[in-house]
Amino acid sequence: MEDLSLIRNFCIIAHIDHGKSTLADRIIEMTGALESREMHSQVLDNMDIEQERGITIKSQSVKCSYKAKDGKTYTFNLIDTPGHVDFNYEVSRSLAACDGAILVVDATQGVEAQTVANVYLAIDHDLEVLPVINKVDLGSAMPDETAKEIEDVIGIDASMAPRVSAKTGLNVEDVLEGIVNYLPAPTGDDKAPLKALIFDSVYDPYRGVIVFIRVMDGCVKPGSKILMMATGTRAEVVETGYFGAGKFIPCDELTPGMVGYVTASLKNVKDTRVGDTVTLADNPCDEALPGYKKVNPMVYCGIYPADSGRYTDLREALEKLQLNDAALMFEAETSIALGFGFRCGFLGLLHLEVIQERLDREYDMDLVTTAPSVIYRIYKTNGEMIELTNPSNMPDPSEIDYMEEPVVDAQIMVNSDYIGAIMDLCQERRGEYVSMEYLEQTRALIRYTMPLNEIIYDFFDALKSRSRGYASLDYEAKGYQRANLVKLDIMVNKEEVDALSFIVHADTAYDRGRRMCEKLKKEIPRHLFEIPIQAAIGGKVIARETVKAVRKDVLAKCYGGDISRKKKLLEKQKEGKKKMRQIGSVEIPQEAFLSVLKLDEE
Amino acid sequence: MILERELELYIHIPFCRKKCLYCDFLSFTGCHEDDIHDYVRALQGEIRQKAPEASGRKITSIFIGGGTPGSINPDYIGDIMDTIRYFYDVDENAEITVEVNPGIFMKEGFRIYKASGINRVSVGLQSADDSELHTLGRIHDYSGFLRTYESALKAGYDNINIDIMTAIPGQTLQSLEKTLSQVTKLRPAHISAYSLMIEEGTPFYEKYGEDDRRRKEGLESGHLPSEETVCAMDVLTNEYLGAHGYNRYEISNYTKKGKECRHNIGYWTGKDYLGFGIGSASLFNGIRSTNTKDMAKYIKLISKAEDPAEESFELSRKDRMEEFMFLGLRMIEGVSRRDFEGRFNAPIEAIYGDVINRLAASGMILPSSGMIRLTEDGINLSNIVLAEFLL
């Protein structure tokens with residue numbers, strides 16, 4: 001067993017753009033896990049999407065060693081956590097694998113809502129927190145104010161906080177010393193039965209699932225027969241190892257305090273749920289580690305192949321993505337408008353976008369996506385309760401007693417100049433005011449209870465635009481609340497387009513219906529005939545627009561027999577039609593199906 | 001493939017005194033006399049170069065277009081005609097057309113044209129309203145047109161076409177009717193009536209591009225006549241000319257009986273033709289090709305006896321079926337089911353059954369037992385309707 005006092009397991013907590021990945025890169029570089037020249041920036045964010053968006057979706061870890069000023073060599077296990085509210089549960093499991101956390105705060109921006117939420121999450125897990133003030137090289141940096149804010153807002157001592165520039169490497173050495181001196185070493189009993197926490201897993205086509213674990217007690221090595229306590233999966237360990245920078249390095253065994261991986265010929269990440277406890281099948285520990293829960297999707301939408309012939313390709317792509325993403329759910333569904341496709345469940349909107357982008361880039365799938373929906377609970381007059389994920393499955397209003405929608409506890413941190421604007425926004429989105437505290441003179445933390453369906457459309461964009469980027473949002477599910485909801489149907493040329501239906505609060509239905517019709521009028525090209533567009537609730541039309549018929553569209557003069565040019569013009573005309581979906585006799589562009597999402601753009 | 005015996009020739013003269021504000025055709029202004037000379041010599045070179053291919057073919061029509069053929073010394077046109085007659089077998093009844101523009105003194109020109117065997121003249125009038133002519137950036141007024149027209153008559157021409165235009169910015173149904181009335185009083189054999197298109201890369205695009213875009217989206221059309229007005233102009237033209245003895249035989253062309261432009265009909269019915277000069281197109285033995293648009297390159301290629309074609313491709317069976325439909329439907333009588341079957345050895349329904357049913361149901365085409373033709377609505381929406389026939 002390794003000398004536990006020489007191990008530090010920690011993560012880095014930061015708001016998006018506050019420099020988490022840059023600091024991680026710098027630490028990896030300075031501890032020699034990678035030569036500087038081998039590094040492409042942001043080693044831990046492997047996926048293209050992660051690097052482009054500057055977000056972390058999958059947890060990544062790296063082991064490195066550091067020769068401290070006290071002359072001893074320490075082993076650092078840096079566990080990078082996902083940085084978005086959609087992946088809150090994953091964050092909490094990654095934190096549970098650590099003993100300490102580095103809190104990075106941008107000296108030009110100060111503390112953000114998400115930072116607060118994650119620091120509290122870390123404190124809840126009994127982690128020691130080492131604050132680090134980053135970007136002090138920038139002219140607009142206010143390190144003293146930032147330190148004070150950390151003390152006032154979060155309530156932790158920031159007097160010893162290293163003031164660094166992760167970008168230039170300035171004072172990063174102090175962070176390494178701080179990790180040694182302020183963050184605790186792990187504890188554990190190597191004689192006790194194996195007890196290890198799964199904090200992530202990835203699928204590898206050759207080795208099966210690679211399970212990321214933190215060993216609390218006991219040991220695990222190749223040949224160990226292991227048991228996942230929540231799922232009941234049993235397997236024999238093929239390989240154990242730890243995380244080099246960007247690669248897996250096998251080792252003989254994993255002992256208490258260590259962070260590493262096991263492979264056991266597992267076929268599906270569903271067998272190795274994040275938060276589950278790994279123990280030995282023939283010598284199990286008494287009880288599992290606390291905190292496991294099965295993550296459930298919060299947001300649903302229909303995903304259809306733009307080319308209906310690629311339905312099978314889409315299924316295969318989703319299956320492959322699911323191997324690596326236990327939170328992604330899908331089942332086959334049929335839309336009258338869009339044909340065969342899948343109803344997919346996601347942790348949140350970002351998760352949805354990431355999956356869409358991966359389908360597009362990694363599997364070259366051209367998609368039509370319907371408006372996202374949350375899970376509504378419908379209590380029917382016959383006493384039955386159904387959970388509704390697809391608006392088109394909503395029962396007839398006469399069968400419905402009442403409906404409930406999911407609500408969240410939303411925390412918004414905002415510059416005091418924009419409090420009014422943000423409160424107006426929350427009010428418009430049916431938010432219920434809970435509290436407001438001033439964290440300092442110029443910043444406040446506002447809390448609202450908000451319906452989730454108001455957040456999943458474009459709340460985040462609206463928040464940013466109304467605060468000029470100065471507001472940040474964090475939210476957590478807070479159960480269900482009764483609401484007066486209706487299904488808004490859209491009819492194009494008198495035919496209902498199921499893929500455009502959505503559920504909306506009765507008070508905003510009229511307005512949304514009207515804007516939806518206006519938007520569709522712009523999206524649907526003129527046809528040879530007039531096309532009425534109507535929004536209706538329970539068969540009653542509440543808004544209408546008309547796409548006028550095209551009257552004149554003639555080919556230009558054909559000069560000197562230049563037929564090829566004529567044909568190119570006709571082909572252009574025809575090409576435009578290909579990107580359309582035929583609904584009855586009307587061609588609707590694929591973008592129109594997403595237009596419900598963007599009603600607030602104008 | 002049936003061996004074609006007949007052949008049409010097109011000659012491109014890419015020079016103008018001044019470029020009209022709406023024009024996107026390939027033509028140059030302000031050229032030096034030497035440049036024109038070099039081009040005409042190259043043109044003669046190309047005519048000679050391609051002659052062997054056309055051996056055994058009868059030339060049934062020749063069209064000298066532009067640009068403005070009337071803007072260059074008429075002797076050049078005579079030279080070109082001489083070259084053609086020397087190297088090709090021109091049918092004694094061939095239709096031979098030259099395009100002229102009003103505003104250029106033509107008296108001597110028409111005499112030379114006549115002597116070289118040119119038997120048809122096409123005069124670009126566009127409008128009888130001087131303010132509309134000014135809007136279009138034409139170099140002439142209506143009285144200038146009348147002088148040119150009369151010169152042609154005096155030179156003995158009786159087969160004359162007059163081009164007119166609808167959808168001109170500022171044009172009204174009243175002003176169009178006035179143009180129609182003036183033109184019909186002259187009793188030309190043939191009238192072409194085109195809708196003005198706002199083409200990219202023209203001064204009109206700068207000025208009216210935004211209005212045109214809005215009009216295409218069904219919004220207010222600003223300075224341009226609205227779609228409804230343009231449709232009404234088309235109806236007015238058709239009815240007015242019909243009442244004055246002109247029969248519409250093609251989407252944009254009207255004639256007194258027997259004076260259809262055979263050259264253009266050739267384009268719509270898939271006849272072979274050779275185009276000479278920069279940017280000109282050919283259809284020959286199932287191959288479509290287009291010459292380079294680069295003047296210097298063209299002259300150089302011809303001087304080295306090389307092919308000036310820049311693009312060329314062989315028409316597939318699919319291409320030929322598509323063309324049969326989208327070109328043939330420009331003719332008001334439509335396309336013949338029997339012709340289709342004869343050429344492609346398949347009934348038209350087997351290929352286009354769905355399209356025909358759909359377009360017939362929406363009133364765009366009128367299928368009968370022998371022919372399939374566009375309706376008035378189909379003519380107005382020909383761009384959309386014809387695109388349906390691409391396979």
# chains A, B, ... in the order shown; residues from 1 in each chain; ligands from 1

call {"tool": "select_by_dssp", "arguments": {"residues": "stretch 159-309 of chain B", "states": "helix (DSSP H, G or I)", "output": "compact mmCIF listing (two decimals) with N, CA and C atoms, in the first residue's frame"}}
result
# COMPACT_ATOMS: atom_id res chain seq x y z
N LEU B 173 -50.08 49.31 -66.08
CA LEU B 173 -50.88 48.63 -67.10
C LEU B 173 -51.22 49.60 -68.23
N GLN B 174 -51.44 50.87 -67.87
CA GLN B 174 -51.76 51.89 -68.89
C GLN B 174 -50.58 52.09 -69.83
N SER B 175 -49.37 52.22 -69.25
CA SER B 175 -48.23 52.49 -70.13
C SER B 175 -47.91 51.26 -70.98
N LEU B 176 -48.15 50.08 -70.42
CA LEU B 176 -47.93 48.86 -71.21
C LEU B 176 -48.92 48.82 -72.38
N GLU B 177 -50.16 49.17 -72.08
CA GLU B 177 -51.17 49.14 -73.14
C GLU B 177 -50.79 50.10 -74.26
N LYS B 178 -50.21 51.24 -73.87
CA LYS B 178 -49.78 52.21 -74.87
C LYS B 178 -48.67 51.61 -75.74
N THR B 179 -47.73 50.96 -75.09
CA THR B 179 -46.65 50.31 -75.85
C THR B 179 -47.24 49.28 -76.82
N LEU B 180 -48.17 48.45 -76.29
CA LEU B 180 -48.77 47.41 -77.13
C LEU B 180 -49.50 48.03 -78.33
N SER B 181 -50.17 49.14 -78.05
CA SER B 181 -50.92 49.77 -79.12
C SER B 181 -49.99 50.34 -80.19
N GLN B 182 -48.91 50.99 -79.75
CA GLN B 182 -47.95 51.54 -80.70
C GLN B 182 -47.33 50.44 -81.55
N VAL B 183 -46.95 49.35 -80.86
CA VAL B 183 -46.25 48.28 -81.56
C VAL B 183 -47.17 47.59 -82.56
N THR B 184 -48.42 47.30 -82.13
CA THR B 184 -49.31 46.59 -83.05
C THR B 184 -49.66 47.45 -84.27
N LYS B 185 -49.67 48.76 -84.07
CA LYS B 185 -49.95 49.64 -85.22
C LYS B 185 -48.92 49.45 -86.33
N LEU B 186 -47.67 49.07 -85.91
CA LEU B 186 -46.61 48.88 -86.90
C LEU B 186 -46.74 47.53 -87.63
N PRO B 203 -26.42 46.93 -62.58
CA PRO B 203 -26.77 48.12 -61.79
C PRO B 203 -28.20 48.01 -61.23
N PHE B 204 -29.09 47.35 -61.97
CA PHE B 204 -30.45 47.17 -61.46
C PHE B 204 -30.48 46.35 -60.17
N TYR B 205 -29.54 45.41 -60.08
CA TYR B 205 -29.51 44.59 -58.87
C TYR B 205 -29.16 45.44 -57.66
N GLU B 206 -28.21 46.36 -57.87
CA GLU B 206 -27.83 47.28 -56.80
C GLU B 206 -29.05 48.10 -56.37
N LYS B 207 -29.78 48.54 -57.40
CA LYS B 207 -30.86 49.47 -57.14
C LYS B 207 -32.15 48.79 -56.67
N TYR B 208 -32.46 47.65 -57.29
CA TYR B 208 -33.76 47.01 -57.03
C TYR B 208 -33.67 45.61 -56.43
N GLY B 209 -32.43 45.16 -56.16
CA GLY B 209 -32.25 43.79 -55.66
C GLY B 209 -33.06 43.53 -54.40
N GLU B 210 -33.04 44.50 -53.50
CA GLU B 210 -33.75 44.35 -52.23
C GLU B 210 -35.27 44.30 -52.46
N ASP B 211 -35.75 45.19 -53.34
CA ASP B 211 -37.18 45.18 -53.68
C ASP B 211 -37.57 43.83 -54.29
N ASP B 212 -36.69 43.32 -55.14
CA ASP B 212 -36.97 42.06 -55.82
C ASP B 212 -37.03 40.91 -54.82
N ARG B 213 -36.09 40.93 -53.86
CA ARG B 213 -36.06 39.89 -52.84
C ARG B 213 -37.36 39.93 -52.02
N ARG B 214 -37.76 41.14 -51.66
CA ARG B 214 -39.00 41.28 -50.90
C ARG B 214 -40.20 40.79 -51.72
N ARG B 215 -40.19 41.13 -53.00
CA ARG B 215 -41.30 40.69 -53.84
C ARG B 215 -41.35 39.17 -53.91
N LYS B 216 -40.18 38.54 -53.99
CA LYS B 216 -40.14 37.07 -54.05
C LYS B 216 -40.66 36.45 -52.76
N GLU B 227 -46.22 41.47 -57.89
CA GLU B 227 -46.48 40.23 -58.62
C GLU B 227 -47.83 40.25 -59.30
N GLU B 228 -48.81 40.76 -58.61
CA GLU B 228 -50.17 40.82 -59.17
C GLU B 228 -50.17 41.67 -60.44
N THR B 229 -49.47 42.82 -60.37
CA THR B 229 -49.41 43.69 -61.54
C THR B 229 -48.69 43.01 -62.69
N VAL B 230 -47.59 42.31 -62.35
CA VAL B 230 -46.83 41.65 -63.41
C VAL B 230 -47.69 40.57 -64.08
N CYS B 231 -48.46 39.85 -63.25
CA CYS B 231 -49.37 38.84 -63.82
C CYS B 231 -50.41 39.51 -64.71
N ALA B 232 -50.94 40.62 -64.24
CA ALA B 232 -51.95 41.33 -65.02
C ALA B 232 -51.34 41.84 -66.33
N MET B 233 -50.07 42.22 -66.29
CA MET B 233 -49.39 42.67 -67.51
C MET B 233 -49.29 41.55 -68.52
N ASP B 234 -49.02 40.33 -67.99
CA ASP B 234 -48.91 39.19 -68.87
C ASP B 234 -50.27 38.90 -69.53
N VAL B 235 -51.33 38.98 -68.72
CA VAL B 235 -52.68 38.74 -69.25
C VAL B 235 -53.01 39.80 -70.30
N LEU B 236 -52.71 41.06 -69.97
CA LEU B 236 -53.00 42.16 -70.90
C LEU B 236 -52.27 41.95 -72.23
N THR B 237 -50.98 41.60 -72.13
CA THR B 237 -50.18 41.40 -73.34
C THR B 237 -50.80 40.31 -74.21
N ASN B 238 -51.11 39.20 -73.55
CA ASN B 238 -51.67 38.07 -74.27
C ASN B 238 -53.00 38.43 -74.93
N GLU B 239 -53.86 39.10 -74.15
CA GLU B 239 -55.19 39.43 -74.70
C GLU B 239 -55.10 40.50 -75.79
N TYR B 240 -54.30 41.52 -75.52
CA TYR B 240 -54.19 42.62 -76.49
C TYR B 240 -53.63 42.12 -77.81
N LEU B 241 -52.53 41.35 -77.70
CA LEU B 241 -51.91 40.87 -78.93
C LEU B 241 -52.81 39.87 -79.64
N GLY B 242 -53.50 39.05 -78.84
CA GLY B 242 -54.45 38.08 -79.42
C GLY B 242 -55.51 38.80 -80.24
N ALA B 243 -56.04 39.89 -79.66
CA ALA B 243 -57.10 40.65 -80.32
C ALA B 243 -56.59 41.31 -81.60
N ARG B 262 -38.14 30.25 -86.15
CA ARG B 262 -37.78 28.83 -86.24
C ARG B 262 -36.52 28.52 -85.45
N HIS B 263 -35.64 29.52 -85.37
CA HIS B 263 -34.40 29.31 -84.65
C HIS B 263 -34.67 28.99 -83.17
N ASN B 264 -35.49 29.82 -82.53
CA ASN B 264 -35.79 29.59 -81.12
C ASN B 264 -36.56 28.30 -80.90
N ILE B 265 -37.49 28.00 -81.80
CA ILE B 265 -38.22 26.74 -81.67
C ILE B 265 -37.24 25.57 -81.67
N GLY B 266 -36.19 25.71 -82.47
CA GLY B 266 -35.15 24.69 -82.51
C GLY B 266 -34.57 24.44 -81.11
N TYR B 267 -34.33 25.53 -80.37
CA TYR B 267 -33.80 25.36 -79.01
C TYR B 267 -34.75 24.54 -78.14
N TRP B 268 -36.05 24.84 -78.29
CA TRP B 268 -37.02 24.18 -77.38
C TRP B 268 -37.33 22.75 -77.78
N MET B 295 -12.33 36.77 -73.59
CA MET B 295 -12.05 37.24 -74.95
C MET B 295 -10.63 36.88 -75.40
N ALA B 296 -9.63 37.22 -74.57
CA ALA B 296 -8.24 37.01 -74.97
C ALA B 296 -7.97 35.51 -75.16
N LYS B 297 -8.52 34.72 -74.25
CA LYS B 297 -8.31 33.29 -74.31
C LYS B 297 -8.96 32.70 -75.56
N TYR B 298 -10.14 33.22 -75.87
CA TYR B 298 -10.87 32.74 -77.05
C TYR B 298 -10.05 32.97 -78.31
N ILE B 299 -9.56 34.20 -78.44
CA ILE B 299 -8.80 34.55 -79.64
C ILE B 299 -7.54 33.69 -79.75
N LYS B 300 -6.90 33.46 -78.61
CA LYS B 300 -5.68 32.67 -78.59
C LYS B 300 -5.96 31.21 -78.98
N LEU B 301 -7.01 30.64 -78.39
CA LEU B 301 -7.35 29.24 -78.69
C LEU B 301 -7.65 29.06 -80.17
N ILE B 302 -8.43 30.01 -80.72
CA ILE B 302 -8.79 29.89 -82.13
C ILE B 302 -7.54 30.00 -83.00
N SER B 303 -6.62 30.91 -82.62
CA SER B 303 -5.41 31.10 -83.43
C SER B 303 -4.56 29.83 -83.42

call {"tool": "residues_around", "arguments": {"residues": "A:Leu127", "least_positions_apart": "2", "cutoff": "12 Å", "atoms": "only C-alpha atoms", "output": "PyMOL selection string"}}
result
chain A and resi 8-13+92+94-103+118-125+129-130+182-186

call {"tool": "write_last_selection", "arguments": {"atoms": "C-alpha atoms", "output": "short mmCIF file (atom, residue, chain, number, x, y, z; two decimals), in the first residue's frame"}}
result
data_model
loop_
_atom_site.label_atom_id
_atom_site.label_comp_id
_atom_site.auth_asym_id
_atom_site.auth_seq_id
_atom_site.Cartn_x
_atom_site.Cartn_y
_atom_site.Cartn_z
CA ARG A 8 -3.67 14.17 -2.85
CA ASN A 9 -6.96 13.58 -4.66
CA PHE A 10 -8.55 16.80 -5.79
CA CYS A 11 -10.70 18.44 -8.36
CA ILE A 12 -10.90 21.93 -9.75
CA ILE A 13 -14.11 23.92 -9.44
CA SER A 92 -21.33 15.44 -7.15
CA SER A 94 -16.63 13.31 -9.00
CA LEU A 95 -16.44 15.42 -5.85
CA ALA A 96 -17.11 12.33 -3.76
CA ALA A 97 -14.00 10.78 -5.25
CA CYS A 98 -11.85 13.68 -3.99
CA ASP A 99 -10.58 14.83 -0.63
CA GLY A 100 -10.01 18.41 -1.61
CA ALA A 101 -10.93 20.95 -4.24
CA ILE A 102 -9.26 23.90 -5.87
CA LEU A 103 -11.66 26.76 -6.42
CA ASN A 118 -20.39 23.80 -6.81
CA VAL A 119 -18.41 25.03 -3.81
CA TYR A 120 -21.36 24.27 -1.56
CA LEU A 121 -21.58 20.88 -3.20
CA ALA A 122 -17.88 20.37 -2.40
CA ILE A 123 -18.31 21.53 1.17
CA ASP A 124 -21.27 19.15 1.51
CA HIS A 125 -18.88 16.36 0.57
CA VAL A 129 -11.33 24.02 -0.55
CA LEU A 130 -8.22 25.87 -1.70
CA TYR A 182 -3.82 22.70 2.60
CA LEU A 183 -5.56 19.73 1.03
CA PRO A 184 -5.88 16.57 3.13
CA ALA A 185 -4.42 13.18 2.35
CA PRO A 186 -6.88 10.31 1.84
#

call {"tool": "select_by_dssp", "arguments": {"residues": "stretch 105-223 of chain A", "states": "strand (DSSP E)", "output": "MDAnalysis selection string"}}
result
chainID A and resid 105:106 128:134 195:204 208:217

call {"tool": "residues_around", "arguments": {"residues": "B:Ile191", "least_positions_apart": "6", "cutoff": "10 Å", "atoms": "only C-alpha atoms", "output": "list in words"}}
result
Ser122, Val123, Ile160, Asn161, Ile162, Asp163, Ile164, Leu180, Val183, Thr184, Leu241, Tyr246, Asn247, Arg248, Ser252, Asn253, Tyr254, Thr255, Lys256, Glu260 and Cys261 of chain B

call {"tool": "closest_atom_pairs", "arguments": {"of": "chain A", "to": "chain B", "cutoff": "8 Å", "atoms": "only C-alpha atoms", "output": "Markdown table"}}
result
| residue | atom | partner | partner_atom | distance |
| --- | --- | --- | --- | --- |
| A:Pro525 | CA | B:Glu217 | CA | 7.5 |
| A:Arg526 | CA | B:Glu217 | CA | 7.2 |
| A:Leu528 | CA | B:Ser362 | CA | 7.7 |
| A:Lys548 | CA | B:Gly218 | CA | 6.7 |
| A:Val550 | CA | B:Gly218 | CA | 7.2 |
| A:Arg551 | CA | B:Glu227 | CA | 6.1 |
| A:Lys552 | CA | B:Asn380 | CA | 4.9 |
| A:Asp553 | CA | B:Leu381 | CA | 4.5 |
| A:Val554 | CA | B:Asn383 | CA | 4.8 |
| A:Leu555 | CA | B:Asn383 | CA | 5.1 |
| A:Ala556 | CA | B:Met197 | CA | 6.3 |
| A:Lys557 | CA | B:Tyr194 | CA | 7.1 |
| A:Gly560 | CA | B:Ser280 | CA | 6.6 |
| A:Gly561 | CA | B:Tyr267 | CA | 5.9 |
| A:Asp562 | CA | B:Ala281 | CA | 5.4 |
| A:Ile563 | CA | B:Ala281 | CA | 7.9 |
| A:Ser564 | CA | B:Arg288 | CA | 7.8 |
| A:Leu570 | CA | B:Ala387 | CA | 4.9 |
| A:Glu571 | CA | B:Ala387 | CA | 6.7 |
| A:Gln573 | CA | B:Ala387 | CA | 6.4 |
| A:Lys574 | CA | B:Ala387 | CA | 5.8 |

call {"tool": "closest_residue", "arguments": {"among": "A:Glu128, A:Asp511, A:Asp313, A:Asp325", "to": "A:Val295", "atoms": "only C-alpha atoms"}}
result
A:Asp325

call {"tool": "residues_around", "arguments": {"residues": "stretch 423-434 of chain A", "least_positions_apart": "2", "cutoff": "12 Å", "atoms": "only C-alpha atoms", "output": "PyMOL selection string"}}
result
chain A and resi 407-414+416-421+436-437+444-467+471+473+481+483-484+504-508+511+600

call {"tool": "residues_around", "arguments": {"residues": "B:His140", "least_positions_apart": "4", "cutoff": "9 Å", "atoms": "only C-alpha atoms", "output": "list in words"}}
result
Asn101, Pro102, Gly103, Ile104, Leu125, Asp130, Leu133, His134, Gly144 and Phe145 of chain B

call {"tool": "write_last_selection", "arguments": {"atoms": "C-alpha atoms", "output": "PDB file, in the first residue's frame"}}
result
ATOM      1  CA  ASN B 101     -30.857  48.163 -81.566  1.00  0.00           C
ATOM      2  CA  PRO B 102     -32.527  51.477 -82.269  1.00  0.00           C
ATOM      3  CA  GLY B 103     -30.398  54.558 -81.914  1.00  0.00           C
ATOM      4  CA  ILE B 104     -27.732  53.380 -84.311  1.00  0.00           C
ATOM      5  CA  LEU B 125     -37.648  48.337 -78.443  1.00  0.00           C
ATOM      6  CA  ASP B 130     -39.534  57.379 -73.198  1.00  0.00           C
ATOM      7  CA  LEU B 133     -36.583  53.648 -71.809  1.00  0.00           C
ATOM      8  CA  HIS B 134     -34.608  56.093 -69.727  1.00  0.00           C
ATOM      9  CA  GLY B 144     -35.262  56.718 -82.627  1.00  0.00           C
ATOM     10  CA  PHE B 145     -36.807  53.263 -82.713  1.00  0.00           C
TER      11      PHE B 145
END

call {"tool": "atom_distance", "arguments": {"atom1": "atom CA of B:Ser369", "atom2": "atom CA of B:Val335"}}
result
11.2 Å

call {"tool": "atom_distance", "arguments": {"atom1": "atom CA of A:Pro256", "atom2": "atom CA of A:Glu239"}}
result
17.0 Å

call {"tool": "residues_around", "arguments": {"residues": "A:Leu388", "least_positions_apart": "4", "cutoff": "8 Å", "atoms": "only C-alpha atoms", "output": "ChimeraX atom specification"}}
result
/A:375-378,393-394

call {"tool": "residues_around", "arguments": {"residues": "A:Glu545", "least_positions_apart": "5", "cutoff": "10 Å", "atoms": "only C-alpha atoms", "output": "JSON, numbers by chain"}}
result
{"A": [492, 514, 515, 516, 517, 518, 519, 520, 521, 531, 532, 533, 534, 535]}

call {"tool": "atom_distance", "arguments": {"atom1": "atom CA of A:Gly383", "atom2": "atom CA of A:Asp401"}}
result
8.4 Å

call {"tool": "closest_residue", "arguments": {"among": "B:Thr97, B:Ser368, B:Asn291, B:Asn285", "to": "B:Asn159", "atoms": "only C-alpha atoms"}}
result
B:Thr97
